[in-house]
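J.: Input file: work35.txt. Contents: compact mmCIF, C-alpha atoms.
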# COMPACT_ATOMS: atom_id res chain seq x y z
CA MET A 154 0.00 0.00 0.00
CA ASN A 155 1.61 3.30 -1.08
CA ALA A 156 1.57 6.50 0.99
CA LEU A 157 -1.36 8.00 -0.93
CA ASN A 158 -3.41 4.85 -0.51
CA VAL A 159 -2.59 4.67 3.24
CA THR A 160 -3.78 8.26 3.64
CA GLU A 161 -7.02 7.56 1.77
CA TYR A 162 -7.52 4.32 3.69
CA THR A 163 -7.05 5.82 7.17
CA HIS A 164 -9.28 8.78 6.29
CA ALA A 165 -11.98 6.33 5.21
CA LEU A 166 -11.62 4.53 8.55
CA GLY A 167 -11.95 7.88 10.32
CA LEU A 168 -15.09 8.88 8.42
CA GLN A 169 -16.70 5.51 9.12
CA ALA A 170 -15.76 5.63 12.80
CA LYS A 171 -17.15 9.15 13.20
CA ALA A 172 -20.47 8.13 11.66
CA ALA A 173 -20.62 4.98 13.80
CA SER A 174 -19.82 6.91 16.98
CA ALA A 175 -23.01 8.96 16.66
CA LEU A 176 -25.07 5.75 16.53
CA MET A 177 -23.15 4.16 19.40
CA ALA A 178 -23.62 7.22 21.61
CA LYS A 179 -27.40 6.82 21.52
CA ALA A 180 -27.51 3.02 21.62
CA PRO A 181 -29.58 1.66 24.54
CA ALA A 182 -27.73 -0.23 27.26
CA ALA A 183 -29.62 -3.45 26.43
CA ILE A 184 -28.40 -3.39 22.82
CA LYS A 185 -24.77 -2.76 23.80
CA ASN A 186 -24.99 -5.61 26.32
CA LYS A 187 -26.49 -7.84 23.65
CA ALA A 188 -23.43 -7.23 21.48
CA LEU A 189 -21.08 -8.05 24.37
CA LYS A 190 -22.88 -11.30 25.17
CA ALA A 191 -22.85 -12.25 21.47
CA LEU A 192 -19.11 -11.59 21.35
CA ALA A 193 -18.57 -13.84 24.39
CA ARG A 194 -20.52 -16.62 22.67
CA LEU A 195 -18.64 -16.21 19.38
CA LEU A 196 -15.28 -16.37 21.12
CA ARG A 197 -16.22 -19.70 22.67
CA GLU A 198 -17.65 -21.05 19.41
CA ASN A 199 -14.60 -20.15 17.35
CA VAL A 200 -11.72 -21.26 19.56
CA ASP A 201 -10.20 -23.56 16.91
CA ALA A 202 -10.53 -21.06 14.07
CA VAL A 203 -9.04 -18.20 16.09
CA GLN A 204 -6.13 -20.33 17.32
CA THR A 205 -5.04 -21.23 13.77
CA ALA A 206 -3.93 -17.66 13.06
CA PRO A 207 -1.61 -17.16 16.06
CA ALA A 208 0.02 -20.56 15.53
CA SER A 209 1.33 -19.50 12.14
CA ALA A 210 2.17 -16.05 13.49
CA ARG A 211 4.30 -17.58 16.24
CA GLU A 212 6.18 -19.70 13.71
CA ARG A 213 7.03 -16.63 11.65
CA ALA A 214 7.96 -14.65 14.77
CA ARG A 215 10.39 -17.38 15.88
CA ALA A 216 11.89 -17.52 12.39
CA ALA A 217 12.33 -13.73 12.49
CA GLY A 218 14.23 -14.03 15.78
CA LEU A 219 11.60 -12.41 18.02
CA ALA A 220 12.37 -12.87 21.73
CA ALA A 221 10.63 -15.80 23.45
CA PRO A 222 8.49 -13.62 25.78
CA MET A 223 7.21 -11.66 22.76
CA VAL A 224 6.41 -14.89 20.91
CA ASP A 225 4.54 -16.17 23.96
CA ARG A 226 2.35 -13.05 23.99
CA LEU A 227 1.00 -14.03 20.58
CA LYS A 228 -0.55 -17.21 21.96
CA LEU A 229 -4.35 -17.35 22.08
CA SER A 230 -4.92 -20.41 24.23
CA PRO A 231 -8.45 -21.62 25.08
CA LYS A 232 -7.84 -20.21 28.56
CA VAL A 233 -6.96 -16.75 27.17
CA LEU A 234 -10.05 -16.77 24.93
CA GLU A 235 -12.26 -17.89 27.81
CA THR A 236 -10.90 -15.01 29.91
CA CYS A 237 -11.78 -12.62 27.08
CA ALA A 238 -15.28 -14.09 26.89
CA GLN A 239 -15.77 -13.74 30.64
CA GLY A 240 -14.54 -10.16 30.45
CA CYS A 241 -17.24 -9.36 27.87
CA GLU A 242 -19.90 -10.92 30.11
CA GLN A 243 -18.64 -9.00 33.15
CA LEU A 244 -18.86 -5.73 31.23
CA ALA A 245 -22.38 -6.61 30.08
CA ALA A 246 -23.39 -7.13 33.71
CA MET A 247 -22.03 -3.75 34.82
CA PRO A 248 -24.31 -0.70 35.08
CA ASP A 249 -24.39 1.60 32.06
CA ILE A 250 -22.82 4.92 33.06
CA ILE A 251 -23.66 6.74 29.82
CA GLY A 252 -26.27 9.44 30.37
CA GLU A 253 -25.99 9.51 34.16
CA ILE A 254 -26.19 13.00 35.65
CA ILE A 255 -24.07 13.92 38.65
CA GLY A 256 -23.70 16.94 40.93
CA MET A 257 -27.04 18.57 40.09
CA LYS A 258 -27.32 21.78 42.18
CA GLN A 259 -29.84 24.58 42.38
CA GLN A 260 -28.35 28.02 41.68
CA PRO A 261 -29.56 31.37 43.07
CA SER A 262 -30.95 32.23 39.62
CA GLY A 263 -33.30 29.25 39.77
CA ILE A 264 -31.50 27.08 37.21
CA ARG A 265 -30.18 23.64 38.16
CA VAL A 266 -26.68 22.77 36.93
CA GLY A 267 -25.11 19.32 36.76
CA GLN A 268 -22.91 17.15 34.56
CA MET A 269 -23.85 14.30 32.25
CA ARG A 270 -21.49 11.44 31.38
CA VAL A 271 -21.13 10.97 27.62
CA PRO A 272 -18.87 8.91 25.33
CA ILE A 273 -15.61 10.48 24.14
CA GLY A 274 -16.54 9.68 20.53
CA VAL A 275 -13.75 7.92 18.62
CA PHE A 276 -10.57 6.61 20.17
CA GLY A 277 -7.62 5.11 18.37
CA MET A 278 -5.60 2.38 20.07
CA ILE A 279 -2.11 1.35 19.01
CA TYR A 280 -0.74 -1.74 20.68
CA GLU A 281 1.88 -4.47 20.35
CA SER A 282 2.00 -8.25 20.62
CA ARG A 283 -0.98 -9.36 22.73
CA PRO A 284 -3.94 -9.99 20.37
CA ASN A 285 -6.34 -10.32 23.34
CA VAL A 286 -6.04 -6.52 23.63
CA THR A 287 -8.23 -6.40 20.51
CA ILE A 288 -11.10 -7.88 22.50
CA GLU A 289 -10.42 -5.78 25.62
CA ALA A 290 -10.43 -2.55 23.62
CA ALA A 291 -13.44 -3.53 21.51
CA SER A 292 -15.56 -4.60 24.48
CA LEU A 293 -14.79 -1.44 26.47
CA SER A 294 -15.54 0.65 23.39
CA ILE A 295 -18.93 -1.02 22.94
CA LYS A 296 -19.92 -0.68 26.60
CA SER A 297 -18.88 2.99 26.75
CA GLY A 298 -20.80 3.88 23.58
CA ASN A 299 -17.71 4.86 21.59
CA ALA A 300 -16.31 3.88 18.22
CA CYS A 301 -12.68 2.82 17.95
CA ILE A 302 -9.95 2.24 15.41
CA LEU A 303 -7.49 -0.46 16.48
CA ARG A 304 -3.97 -0.91 15.16
CA GLY A 305 -2.21 -3.99 16.52
CA GLY A 306 1.36 -5.13 15.95
CA SER A 307 2.35 -6.60 12.59
CA GLU A 308 3.41 -9.84 14.31
CA ALA A 309 -0.22 -10.48 15.35
CA ILE A 310 -2.07 -9.20 12.28
CA GLU A 311 -3.82 -12.52 11.44
CA SER A 312 -4.93 -13.04 15.04
CA ASN A 313 -6.25 -9.50 15.27
CA LYS A 314 -8.11 -9.85 11.97
CA ALA A 315 -9.77 -13.07 13.16
CA LEU A 316 -10.84 -11.46 16.43
CA ALA A 317 -12.02 -8.25 14.75
CA ARG A 318 -14.29 -10.30 12.44
CA LEU A 319 -15.95 -11.81 15.51
CA VAL A 320 -16.42 -8.35 17.02
CA GLN A 321 -18.06 -7.03 13.87
CA GLN A 322 -20.28 -10.12 13.70
CA ALA A 323 -21.41 -9.50 17.29
CA LEU A 324 -22.14 -5.84 16.52
CA ALA A 325 -24.21 -6.83 13.49
CA GLU A 326 -26.17 -9.40 15.54
CA ALA A 327 -27.11 -6.67 18.02
CA GLY A 328 -28.10 -4.22 15.30
CA LEU A 329 -25.15 -1.90 15.92
CA PRO A 330 -22.89 -0.46 13.18
CA GLN A 331 -20.03 -2.80 12.30
CA ASP A 332 -17.79 0.23 11.76
CA ALA A 333 -18.00 0.94 15.51
CA VAL A 334 -14.91 -1.27 15.86
CA GLN A 335 -12.45 -1.19 12.97
CA LEU A 336 -9.07 -2.85 12.74
CA VAL A 337 -6.37 -1.27 10.59
CA GLN A 338 -5.78 -4.03 8.02
CA THR A 339 -2.34 -2.91 6.87
CA THR A 340 0.99 -3.32 8.68
CA ASP A 341 2.38 -0.20 6.97
CA ARG A 342 3.73 2.03 9.76
CA GLU A 343 2.48 5.10 7.91
CA ALA A 344 -1.02 4.10 9.01
CA VAL A 345 -0.02 4.89 12.59
CA GLY A 346 1.34 8.25 11.51
CA GLN A 347 -1.99 9.04 9.85
CA LEU A 348 -4.13 7.76 12.71
CA ILE A 349 -2.45 9.98 15.31
CA THR A 350 -2.76 13.12 13.18
CA MET A 351 -6.50 13.06 12.37
CA PRO A 352 -8.15 15.26 15.03
CA GLN A 353 -11.12 15.72 12.70
CA PHE A 354 -11.97 12.03 13.22
CA VAL A 355 -10.11 10.77 16.30
CA ASP A 356 -10.74 12.28 19.75
CA VAL A 357 -8.02 10.50 21.73
CA ILE A 358 -5.16 8.06 21.10
CA ILE A 359 -4.21 5.28 23.54
CA PRO A 360 -0.80 3.66 22.94
CA ARG A 361 -0.10 0.38 24.74
CA GLY A 362 3.36 -1.09 24.28
CA GLY A 363 7.04 -0.43 24.76
CA LYS A 364 8.60 2.88 25.70
CA GLY A 365 9.78 3.51 22.13
CA LEU A 366 6.26 3.24 20.74
CA ILE A 367 4.76 5.49 23.40
CA GLU A 368 7.49 8.12 23.02
CA ARG A 369 6.90 8.22 19.27
CA ILE A 370 3.13 8.57 19.67
CA SER A 371 3.49 11.27 22.33
CA ARG A 372 5.94 13.22 20.17
CA ASP A 373 4.07 13.06 16.87
CA ALA A 374 0.37 12.95 17.81
CA LYS A 375 -1.90 15.88 17.00
CA VAL A 376 -4.71 14.51 19.17
CA PRO A 377 -4.69 14.00 22.97
CA VAL A 378 -2.84 10.89 24.19
CA ILE A 379 -3.63 8.75 27.26
CA LYS A 380 -0.33 7.13 28.23
CA HIS A 381 2.36 6.14 30.66
CA LEU A 382 5.99 5.82 29.67
CA ASP A 383 7.55 4.05 32.64
CA GLY A 384 6.47 2.04 35.66
CA ASN A 385 9.14 2.98 38.21
CA CYS A 386 7.05 2.13 41.27
CA HIS A 387 8.22 2.28 44.91
CA THR A 388 7.47 0.54 48.17
CA TYR A 389 8.40 2.57 51.27
CA VAL A 390 8.79 0.71 54.58
CA ASP A 391 8.07 3.24 57.32
CA ASP A 392 9.09 3.56 60.96
CA PRO A 393 6.91 2.32 62.64
CA CYS A 394 5.53 -0.64 60.67
CA ASP A 395 4.50 -4.28 61.03
CA ILE A 396 7.76 -5.93 59.93
CA ALA A 397 6.19 -9.29 59.03
CA MET A 398 3.54 -7.57 56.91
CA ALA A 399 6.15 -5.33 55.29
CA VAL A 400 8.26 -8.35 54.26
CA LYS A 401 5.21 -10.08 52.78
CA VAL A 402 4.06 -7.01 50.82
CA ALA A 403 7.53 -5.94 49.63
CA ASP A 404 8.11 -9.50 48.41
CA ASN A 405 4.83 -9.59 46.48
CA ALA A 406 5.30 -6.09 45.04
CA LYS A 407 8.57 -7.17 43.44
CA THR A 408 8.43 -10.91 42.80
CA ASN A 409 4.76 -11.69 42.09
CA LYS A 410 5.65 -10.96 38.46
CA TYR A 411 8.65 -9.02 37.18
CA SER A 412 7.40 -7.72 33.82
CA PRO A 413 4.27 -5.64 34.64
CA CYS A 414 4.47 -1.87 34.96
CA ASN A 415 3.04 -2.04 38.52
CA ALA A 416 5.87 -4.16 39.97
CA SER A 417 7.98 -2.26 42.51
CA GLU A 418 11.38 -1.28 41.16
CA GLY A 419 12.50 0.72 44.21
CA LEU A 420 12.49 -0.19 47.92
CA LEU A 421 12.87 2.63 50.45
CA VAL A 422 13.40 1.73 54.11
CA ALA A 423 13.23 4.05 57.12
CA ARG A 424 16.49 4.04 59.08
CA GLY A 425 14.70 3.14 62.31
CA VAL A 426 13.57 -0.27 60.98
CA ALA A 427 16.33 -0.97 58.44
CA ALA A 428 18.44 -3.21 60.72
CA GLU A 429 15.43 -5.46 61.41
CA PHE A 430 13.67 -5.34 58.03
CA LEU A 431 16.47 -5.48 55.46
CA PRO A 432 18.00 -8.83 56.51
CA GLN A 433 14.55 -10.44 56.30
CA ILE A 434 13.56 -9.07 52.90
CA GLY A 435 17.14 -9.59 51.72
CA ALA A 436 16.91 -13.30 52.51
CA VAL A 437 13.62 -13.53 50.57
CA TYR A 438 15.05 -11.75 47.55
CA ALA A 439 18.28 -13.79 47.71
CA ALA A 440 16.29 -17.03 47.66
CA LYS A 441 14.45 -15.83 44.53
CA GLY A 442 17.56 -14.56 42.75
CA VAL A 443 16.66 -10.86 42.93
CA GLU A 444 19.66 -8.54 42.59
CA MET A 445 19.65 -5.67 45.11
CA ARG A 446 21.31 -2.43 44.03
CA GLY A 447 21.69 -0.45 47.21
CA CYS A 448 23.01 2.71 48.80
CA PRO A 449 26.07 2.23 51.05
CA GLU A 450 23.95 2.04 54.20
CA ALA A 451 21.64 -0.61 52.71
CA LEU A 452 24.57 -2.64 51.37
CA ALA A 453 26.24 -2.66 54.79
CA ILE A 454 23.19 -4.40 56.25
CA LEU A 455 22.39 -6.63 53.26
CA GLY A 456 25.99 -7.80 53.14
CA GLN A 457 25.16 -10.05 56.11
CA VAL A 458 22.60 -12.01 54.04
CA PRO A 459 23.99 -15.34 52.73
CA GLY A 460 23.81 -15.63 48.94
CA ALA A 461 22.58 -12.08 48.40
CA LYS A 462 23.23 -10.64 44.91
CA LEU A 463 24.38 -7.10 45.67
CA ALA A 464 25.63 -4.11 43.68
CA ALA A 465 26.20 -0.45 44.42
CA ALA A 466 23.32 1.69 43.15
CA THR A 467 24.13 4.41 40.63
CA GLU A 468 22.13 7.61 40.16
CA GLN A 469 20.43 5.96 37.16
CA ASP A 470 19.20 3.08 39.32
CA TRP A 471 16.85 5.35 41.28
CA SER A 472 14.95 6.13 38.03
CA GLU A 473 15.17 2.70 36.40
CA GLU A 474 12.26 0.50 35.32
CA TYR A 475 13.96 -2.90 35.40
CA LEU A 476 11.09 -5.26 34.47
CA ALA A 477 13.46 -7.92 35.79
CA PRO A 478 14.57 -9.53 39.09
CA ILE A 479 16.45 -6.37 40.12
CA ILE A 480 15.44 -3.78 42.72
CA SER A 481 17.04 -0.58 43.99
CA VAL A 482 17.25 -0.28 47.79
CA LYS A 483 17.79 2.90 49.77
CA VAL A 484 17.77 3.68 53.49
CA VAL A 485 16.04 7.02 54.19
CA ALA A 486 15.68 9.10 57.33
CA GLY A 487 11.88 8.78 57.36
CA VAL A 488 8.67 9.72 55.62
CA ASP A 489 9.87 13.19 54.53
CA GLU A 490 12.88 11.83 52.65
CA ALA A 491 10.83 8.96 51.23
CA ILE A 492 8.23 11.33 49.75
CA ALA A 493 10.94 13.63 48.36
CA HIS A 494 12.77 10.68 46.76
CA ILE A 495 9.59 9.29 45.19
CA ASN A 496 8.47 12.65 43.80
CA ARG A 497 11.92 13.13 42.25
CA TYR A 498 12.59 9.68 40.80
CA SER A 499 9.20 7.97 40.46
CA SER A 500 7.43 7.73 37.10
CA HIS A 501 4.26 8.77 38.99
CA HIS A 502 2.60 5.43 38.29
CA THR A 503 2.11 3.65 41.66
CA ASP A 504 3.81 4.08 45.04
CA ALA A 505 3.04 2.49 48.41
CA ILE A 506 3.78 3.08 52.11
CA LEU A 507 3.84 0.26 54.68
CA THR A 508 3.18 1.82 58.07
CA THR A 509 1.29 1.67 61.36
CA ASN A 510 1.37 5.47 61.73
CA HIS A 511 -1.92 7.01 60.57
CA MET A 512 -0.48 10.52 60.16
CA HIS A 513 2.41 9.22 58.03
CA ALA A 514 -0.09 7.33 55.87
CA GLN A 515 -2.24 10.42 55.36
CA ARG A 516 0.78 12.57 54.47
CA PHE A 517 1.96 9.96 51.96
CA LEU A 518 -1.48 9.83 50.31
CA ARG A 519 -1.68 13.63 50.04
CA GLU A 520 1.89 14.44 49.08
CA VAL A 521 3.06 11.64 46.76
CA ASP A 522 2.32 12.85 43.22
CA SER A 523 1.42 9.55 41.56
CA ALA A 524 -1.60 8.14 39.72
CA SER A 525 -2.12 5.43 42.37
CA VAL A 526 -0.97 5.81 45.97
CA MET A 527 -1.35 2.93 48.43
CA VAL A 528 -1.19 2.24 52.16
CA ASN A 529 -0.23 -1.24 53.39
CA ALA A 530 -0.85 -2.93 50.02
CA SER A 531 1.23 -4.26 47.13
CA THR A 532 1.79 -2.01 44.14
CA ARG A 533 0.74 -5.01 42.02
CA PHE A 534 -2.89 -4.08 42.77
CA ALA A 535 -2.66 -1.08 40.40
CA ASP A 536 -4.84 -2.70 37.77
CA GLY A 537 -8.28 -1.97 36.33
CA PHE A 538 -9.69 -5.38 37.25
CA GLU A 539 -8.32 -5.22 40.81
CA PHE A 540 -9.71 -1.68 41.19
CA GLY A 541 -13.19 -2.92 40.30
CA LEU A 542 -13.30 -1.19 36.91
CA GLY A 543 -14.32 -4.41 35.13
CA ALA A 544 -11.47 -4.06 32.65
CA GLU A 545 -8.84 -1.55 31.69
CA ILE A 546 -7.62 -0.18 28.41
CA GLY A 547 -4.32 1.01 29.87
CA ILE A 548 -2.75 3.05 32.66
CA SER A 549 -2.40 6.82 32.58
CA THR A 550 0.19 8.86 34.45
CA ASP A 551 -1.12 12.11 32.94
CA LYS A 552 -2.91 14.55 35.23
CA PHE A 553 -5.82 15.48 33.02
CA HIS A 554 -9.00 13.52 32.28
CA ALA A 555 -8.05 9.90 33.05
CA ARG A 556 -5.39 9.07 35.65
CA GLY A 557 -4.38 5.60 36.80
CA PRO A 558 -6.07 2.48 35.36
CA VAL A 559 -8.37 3.58 32.52
CA GLY A 560 -11.69 1.74 32.49
CA LEU A 561 -15.16 2.72 31.32
CA GLU A 562 -15.13 6.17 32.95
CA GLY A 563 -11.78 6.94 31.32
CA LEU A 564 -13.44 6.49 27.92
CA THR A 565 -16.12 9.05 28.73
CA SER A 566 -16.33 12.78 29.18
CA LEU A 567 -18.61 15.07 31.17
CA LYS A 568 -20.72 17.85 29.71
CA TYR A 569 -22.66 20.42 31.70
CA VAL A 570 -26.42 20.22 31.61
CA VAL A 571 -28.68 23.05 32.75
CA LEU A 572 -32.36 22.61 33.68
CA GLY A 573 -34.59 25.65 33.91
CA GLU A 574 -38.19 26.79 33.97
CA GLY A 575 -37.95 29.91 31.84
CA GLU A 576 -35.21 31.70 33.81
CA VAL A 577 -33.41 34.59 32.08
CA ARG A 578 -30.16 36.22 33.10
CA VAL A 579 -30.38 39.77 34.45
Show this structure as structure tokens.
T.:
Amino acid sequence: MNALNVTEYTHALGLQAKAASALMAKAPAAIKNKALKALARLLRENVDAVQTAPASARERARAAGLAAPMVDRLKLSPKVLETCAQGCEQLAAMPDIIGEIIGMKQQPSGIRVGQMRVPIGVFGMIYESRPNVTIEAASLSIKSGNACILRGGSEAIESNKALARLVQQALAEAGLPQDAVQLVQTTDREAVGQLITMPQFVDVIIPRGGKGLIERISRDAKVPVIKHLDGNCHTYVDDPCDIAMAVKVADNAKTNKYSPCNASEGLLVARGVAAEFLPQIGAVYAAKGVEMRGCPEALAILGQVPGAKLAAATEQDWSEEYLAPIISVKVVAGVDEAIAHINRYSSHHTDAILTTNHMHAQRFLREVDSASVMVNASTRFADGFEFGLGAEIGISTDKFHARGPVGLEGLTSLKYVVLGEGEVRV
């Protein structure tokens, strides 16, 4: 597909999405839920057909030298498809938030002023590897009354096409426009460049992938972007705290899974509990092969732990998103230094305090400038499903509109509504 054809093609997608968005915005909740339930059924009925595509994609990916974890992400197992189906059913069971009016207040003039929740309109989503994201994005788009244009990675194009056909079949069964969910059918990278520069059609772009992709989208987009670049999350162990609980939570925050953006990459420990806490968490990390890159004070204590993998932390380590069995460790004077360190080095994704001091907890919640801030809980909970959002389309570390896990509400906007009985302004 040449550049001219890509431009014409993406503009056609935009026109179709814009038209479909108007129909989706006024679709009754029952019809949207019908489409979601139909999609769940179709996913279960077409397991074999859908699996054929990723099998060949994985073979090509291996031949092209793609890393094993990336190849694994292409897999659409029956379990993955069943999870997608259940996600559609869970969304169908959730209340419809479109059209709800909040904050209605009577004004001195006699008018009543409130805000109504409405769909954003059209969102574009650009993502890599995991084809199940196609279903997550499509189902959230349907439930929120939006239209969307999806552009998955070239390595998963067949899988995404197979899933998109099921989505459009479900939309048609429910009497909704098939163009409400469109998949970019070309792997030409110019299509991304076009999609992110069409404000006349696309209201927001959501990139989901590696740092390089998100940096490119953020730099070149001419429409608003919902994004996060890094997941440099911290766990701060306060003085005072429940040491046993702190060991359990700090372990989970790091080792539950190394690759997600909500895994803790930094461990801060108050000086008053460092001598008791660090040897215990150090032994846990040593047993699991986690390398600890510490400040001199932390290393002096951790050096007593048999088998500990230790290294001196550099300035870069405080800002690093490892996505690996590595964690930076720093001893701090207390809550003031912990908050200052986090606000300087954190990626403002998720940060947690482990404490038994209520005032310290309240200060941490107020003063740490991150999208999710936690007390006595693992950073691994920073997830749309765990937050009760039903599903998420990504995580935002921006400060406007959507912040943190982006679920249904993140795909909506609020408009003011005014109710009167003939009032005029004097």
J.: When you look at Pro330 in chain A with a cut-off of 7 Å (counting all atoms listed in the file), what residues show up, excluding the ones that are within fewer than 4 positions of it in the same chain? I need them as a list in words.
T.: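 After dropping sequence-adjacent residues, the list is Ala173, Leu324 and Ala325 of chain A.
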J.: Which residues come within 7 Å of Ala291 in chain A, counting all atoms listed in the file, excluding same-chain residues fewer than 4 positions away, as a list in words?
T.: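 Neighbouring residues, sequence-local ones excluded: Thr287, Ile295 and Val334 of chain A.
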J.: Name the closest residue to Ile358 in chain A among the candidates A:Ser500, A:Ser371, A:Ser262, A:Asn299; distances are taken between atoms, counting all atoms listed in the file.
T.: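 Using all atoms listed in the file, Ile358 in chain A sits closest to A:Ser371.
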J.: Nearest to Asp504 in chain A among A:Ala461, A:Leu234, A:Leu176, A:Val390, with distances taken over all atoms listed in the file: which residue is it?
T.: A:Val390
J.: Looking at all atoms listed in the file, which of A:Val426, A:Leu421, A:Ile434, A:Leu229 is the one that sits closest to Asp489 in chain A?
T.: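 Distance minimum relative to Asp489 in chain A lands on A:Leu421.
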J.: Residues at most 10 Å from Ala238 in chain A, counting all atoms listed in the file, excluding those fewer than 3 positions away in the same chain, as a JSON list (two decimals) with C-alpha atoms, keeping the file's coordinate frame?
T.:
[["chain", "number", "residue", "atom", "x", "y", "z"],
["A", 189, "LEU", "CA", -21.08, -8.05, 24.37],
["A", 190, "LYS", "CA", -22.88, -11.30, 25.17],
["A", 191, "ALA", "CA", -22.85, -12.25, 21.47],
["A", 192, "LEU", "CA", -19.11, -11.59, 21.35],
["A", 193, "ALA", "CA", -18.57, -13.84, 24.39],
["A", 194, "ARG", "CA", -20.52, -16.62, 22.67],
["A", 195, "LEU", "CA", -18.64, -16.21, 19.38],
["A", 196, "LEU", "CA", -15.28, -16.37, 21.12],
["A", 197, "ARG", "CA", -16.22, -19.70, 22.67],
["A", 232, "LYS", "CA", -7.84, -20.21, 28.56],
["A", 233, "VAL", "CA", -6.96, -16.75, 27.17],
["A", 234, "LEU", "CA", -10.05, -16.77, 24.93],
["A", 235, "GLU", "CA", -12.26, -17.89, 27.81],
["A", 241, "CYS", "CA", -17.24, -9.36, 27.87],
["A", 242, "GLU", "CA", -19.90, -10.92, 30.11],
["A", 243, "GLN", "CA", -18.64, -9.00, 33.15],
["A", 288, "ILE", "CA", -11.10, -7.88, 22.50],
["A", 289, "GLU", "CA", -10.42, -5.78, 25.62],
["A", 292, "SER", "CA", -15.56, -4.60, 24.48]]
J.: Hey, what's within 12 Å of Ala315 in chain A if we count all atoms listed in the file and toss same-chain stuff fewer than 5 positions away? As a PyMOL selection string, please?
T.: chain A and resi 195-196+199-207+229+284-285+287-288+309-310+320-322+336+338
J.: Find the residues near Lys185 in chain A: any atom within 8 Å, counting only C-alpha atoms, skip ones fewer than 4 places away on the same chain, and give them as a ChimeraX atom specification.
T.: /A:180-181,189,245,295-296,298,327,329
J.: So, with all atoms listed in the file as the atoms that count, which of A:Val571, A:Ile184, A:Cys237, A:Val378 lies closest to Val355 in chain A?
T.: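 Closest residue, counting all atoms listed in the file: A:Val378.
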J.: Taking all atoms listed in the file into account, name the residue in A:Asn409, A:Ser307, A:Ser525, A:Asn313 that is nearest to Ala344 in chain A.
T.: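 Counting all atoms listed in the file, the residue closest to Ala344 in chain A is A:Ser307.
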J.: So, counting only C-alpha atoms, which residue among A:His164, A:Gly306, A:Asp470, A:Glu368 is closest to Ser282 in chain A?
T.: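 Checking each candidate against Ser282 in chain A, we get A:Gly306 as the closest.
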J.: What is the CA of Ala170 in chain A to CA of Arg556 in chain A distance in Å?
T.: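 Rounded to one decimal, the two atoms are 25.3 Å apart.
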J.: Taking the point (-7.9, 4.0, 1.2) as given in the file, collect each protein or nucleic acid residue that comes within 12 Å of it, counting all atoms listed in the file, and present the set as a ChimeraX atom specification.
T.: /A:154-169,337-339,344,347
J.: Between CA of Trp471 in chain A and CA of His494 in chain A, what is the spacing in Å?
T.: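 Straight-line distance from CA of His494 in chain A to CA of Trp471 in chain A works out to 8.7 Å.
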J.: Distance CA of Arg578 in chain A-CA of Gly263 in chain A, one decimal place?
T.: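 Calculated distance between CA of Arg578 in chain A and CA of Gly263 in chain A is 10.1 Å.
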